[in-house]
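Structure record follows, encoded as structure tokens.
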Amino acid sequence: MRGRRRGARPAESALREGREAYERLRTYLILAVQAGLAAGLAWFVASDVLHNPQPLFAPAAAVGTIAAAIGNRARRTLELLAGVFLGVLVGNGIIRFIGAGPIQTGVVVALAISAAAVFRGTGAVMVQAGSTAVLLGTVSPDRPDLAVPRTANALVGVVVAIVVALLILPLNPVRIVHRAAGPTVDSIAREMTAIANALAHRDVRQAEDALQRLRATEASRQNTADVVAAACEVAILSPWRRRRLGIMRRYARAAEHLELAYTSSREMVQWTVSALHAGETLPAGLSTAIEHFGQAFRLLHRDFLAGREPDRARERALQVIGDINEACAEGVGSSGAVVVSQLRVVVSQLLQISGLPQKEANQQAGLNADV
């Protein structure tokens, strides 16, 4: 029987990883299509319309601008242009005096990156400055001056990418956030159910496994924050997606409370594991409260993306408080008391996200009560 269980774990892990890979593909597929379209159009404009020599910079800049959609596109696009201009300025100026070649290329790249550092450029500026200097360093001294055409090609790539991303093929901000954040939210809610079951059956191993899986969601949470920022930017800048702006702004305002809820949830699970290890008496109402919290968390996410008032999530969060109060009436140990305290904190965060003022949310969550 144990052998079967050990064999089932790798299968479950492989299935979970496959599901996560599929979700990542669904999330980023639109960006891959945008990048391909922008690269092709940028090459066409630079080569066939403007007849610029060596139009490589145009599709390269277009792809870099599309990639900047994962985060702050406006800032990263400016960084890309700043790096290109700095690389052209330093590279073209130095090559005029020392010529082209492997040693000269190394010198030019080092000087371009140093110049970017002097001007307090970020890593992105340094990368662009260095890569631009590399391309300029490969040009023979007897070749015509390509600095201006290459700079023009970079501008073409940036403009084409922005047109593709905001006008021709803009992503749906609500859908992209749902695909990026949905699996993380579902994972957290699922682990709350696992912890509740572990608590009900006093299964330390199950609780530890749930804690490890909860810690593993950290990377996806950070990616979600970048995707939400990109989605908000699209809702602001794209005329076709502006009607989604209200939903995205509400979601962005909720992000701080969601981060605190994530952190408090993980700490709550850690203390639950400690309570199980210590053999403390934990009332049944506590496991019910944890499961209801997971359900409230999932409902809140769905209500927000559907543009509904989060009434269902608020009701379920208040149900958690009722469960907690019943559990406290039965009595909890020292670790159990910390679990109760963390549960009250996360419920207060959910109530604030749902629209309640902080003071009222804290009062309803019973944070001022003796636990």
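For the structure tokens, the naming scheme is as follows: chains receive sequential letters (A, B, ...) according to their order of presentation, residues are indexed from 1 within each chain, and ligands are indexed from 1 in presentation order.
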Please provide the set of residues having any atom within 9 Å of Ala235 in chain A, restricted to only C-alpha atoms, with same-chain residues fewer than 6 positions apart removed, written as a compact mmCIF listing (two decimals) with N, CA, C and O atoms, in the first residue's frame.
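Generated file (selection.txt):
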# COMPACT_ATOMS: atom_id res chain seq x y z
N ASN A 172 -6.32 40.99 -23.70
CA ASN A 172 -7.48 41.25 -22.85
C ASN A 172 -6.98 41.28 -21.40
O ASN A 172 -6.60 40.24 -20.87
N PRO A 173 -6.98 42.44 -20.75
CA PRO A 173 -6.37 42.53 -19.42
C PRO A 173 -7.03 41.64 -18.39
O PRO A 173 -6.35 41.03 -17.56
N ARG A 241 -9.44 48.54 -24.97
CA ARG A 241 -9.53 47.86 -23.67
C ARG A 241 -9.85 48.79 -22.51
O ARG A 241 -9.84 48.38 -21.36
N ARG A 242 -10.19 50.04 -22.83
CA ARG A 242 -10.36 51.02 -21.76
C ARG A 242 -11.58 50.72 -20.88
O ARG A 242 -11.62 51.09 -19.72
N ARG A 243 -12.56 50.00 -21.44
CA ARG A 243 -13.75 49.69 -20.63
C ARG A 243 -13.42 48.73 -19.49
O ARG A 243 -14.21 48.57 -18.56
N ARG A 244 -12.25 48.08 -19.56
CA ARG A 244 -11.82 47.18 -18.48
C ARG A 244 -11.03 47.92 -17.41
O ARG A 244 -10.59 47.31 -16.44
N LEU A 245 -10.87 49.23 -17.56
CA LEU A 245 -9.99 49.97 -16.67
C LEU A 245 -10.48 49.95 -15.23
O LEU A 245 -9.68 49.83 -14.29
N GLY A 246 -11.80 50.07 -15.03
CA GLY A 246 -12.34 50.09 -13.67
C GLY A 246 -12.03 48.80 -12.92
O GLY A 246 -11.59 48.83 -11.76
N MET A 248 -9.61 46.64 -13.55
CA MET A 248 -8.18 46.48 -13.33
C MET A 248 -7.68 47.40 -12.22
O MET A 248 -6.79 47.02 -11.44
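When CA of Ala216 in chain A is paired with CA of Ser187 in chain A, their separation reads 10.0 Å.
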Hey, what's within 9 Å of Leu169 in chain A if we count only C-alpha atoms and toss same-chain stuff fewer than 3 positions away? As an mmCIF file with C-alpha atoms, in the first residue's frame, please?
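Saved result, result-v7.cif, follows:
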data_model
loop_
_atom_site.group_PDB
_atom_site.id
_atom_site.type_symbol
_atom_site.label_atom_id
_atom_site.label_comp_id
_atom_site.auth_asym_id
_atom_site.auth_seq_id
_atom_site.Cartn_x
_atom_site.Cartn_y
_atom_site.Cartn_z
ATOM 1 C CA ILE A 30 -0.547 36.145 -26.781
ATOM 2 C CA VAL A 33 2.096 36.088 -31.176
ATOM 3 C CA GLN A 34 2.478 39.840 -30.593
ATOM 4 C CA VAL A 163 1.000 49.798 -32.365
ATOM 5 C CA VAL A 164 0.726 45.989 -32.330
ATOM 6 C CA ALA A 165 0.424 45.767 -28.541
ATOM 7 C CA LEU A 166 -2.124 48.551 -28.098
#
**OP:** Find the residues near Ala161 in chain A: any atom within 12 Å, counting only C-alpha atoms, skip ones fewer than 6 places away on the same chain, and give them as a PyMOL selection string.
**Re:** chain A and resi 31+33-43+45+58-69+73-74+77+154-155+167-170
Output file for the residues above (C-alpha atoms, as a PDB file, in the first residue's frame):
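This went into again31.pdb:
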ATOM      1  CA  LEU A  31       2.809  37.829 -26.116  1.00  0.00           C
ATOM      2  CA  VAL A  33       2.096  36.088 -31.176  1.00  0.00           C
ATOM      3  CA  GLN A  34       2.478  39.840 -30.593  1.00  0.00           C
ATOM      4  CA  ALA A  35       6.265  39.541 -30.723  1.00  0.00           C
ATOM      5  CA  GLY A  36       6.190  37.545 -33.965  1.00  0.00           C
ATOM      6  CA  LEU A  37       3.798  39.972 -35.651  1.00  0.00           C
ATOM      7  CA  ALA A  38       5.724  43.037 -34.445  1.00  0.00           C
ATOM      8  CA  ALA A  39       9.075  41.596 -35.583  1.00  0.00           C
ATOM      9  CA  GLY A  40       7.759  40.851 -39.071  1.00  0.00           C
ATOM     10  CA  LEU A  41       6.101  44.243 -39.478  1.00  0.00           C
ATOM     11  CA  ALA A  42       9.165  46.094 -38.138  1.00  0.00           C
ATOM     12  CA  TRP A  43      11.435  44.325 -40.625  1.00  0.00           C
ATOM     13  CA  VAL A  45       8.825  48.841 -42.557  1.00  0.00           C
ATOM     14  CA  ALA A  58      13.983  47.068 -36.063  1.00  0.00           C
ATOM     15  CA  PRO A  59      12.694  43.542 -35.222  1.00  0.00           C
ATOM     16  CA  ALA A  60      15.124  43.309 -32.271  1.00  0.00           C
ATOM     17  CA  ALA A  61      13.723  46.514 -30.757  1.00  0.00           C
ATOM     18  CA  ALA A  62      10.174  45.369 -31.506  1.00  0.00           C
ATOM     19  CA  VAL A  63      10.664  42.081 -29.640  1.00  0.00           C
ATOM     20  CA  GLY A  64      12.312  43.895 -26.733  1.00  0.00           C
ATOM     21  CA  THR A  65       9.370  46.283 -26.458  1.00  0.00           C
ATOM     22  CA  ILE A  66       6.811  43.467 -26.540  1.00  0.00           C
ATOM     23  CA  ALA A  67       8.780  41.585 -23.888  1.00  0.00           C
ATOM     24  CA  ALA A  68       8.551  44.703 -21.734  1.00  0.00           C
ATOM     25  CA  ALA A  69       4.806  44.050 -21.515  1.00  0.00           C
ATOM     26  CA  ARG A  73       6.216  48.768 -20.616  1.00  0.00           C
ATOM     27  CA  ALA A  74       6.604  52.549 -20.705  1.00  0.00           C
ATOM     28  CA  THR A  77      10.719  50.953 -23.574  1.00  0.00           C
ATOM     29  CA  ALA A 154      15.331  50.918 -33.351  1.00  0.00           C
ATOM     30  CA  LEU A 155      12.707  53.665 -33.349  1.00  0.00           C
ATOM     31  CA  LEU A 167      -4.070  48.763 -31.389  1.00  0.00           C
ATOM     32  CA  ILE A 168      -3.697  45.710 -33.627  1.00  0.00           C
ATOM     33  CA  LEU A 169      -3.546  42.854 -31.142  1.00  0.00           C
ATOM     34  CA  PRO A 170      -4.010  44.142 -27.565  1.00  0.00           C
TER      35      PRO A 170
END
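Among the candidates A:Arg316, A:Glu259, A:Gly294, A:Arg202, the residue lying nearest to Gly279 in chain A is A:Arg202 (atoms considered: only C-alpha atoms).
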If you count only C-alpha atoms, the residue of A:Met268, A:Ile236, A:Ala278, A:Ala231 closest to Leu211 in chain A turns out to be A:Met268
Nearest to Leu78 in chain A, restricted to only C-alpha atoms and choosing among A:Val158, A:Ala116, A:Ala32, A:Arg344, comes out as A:Val158
Restricting to only C-alpha atoms, whichever of A:Leu171, A:Val84, A:Val273, A:Leu237 is closest to Val204 in chain A is A:Val273
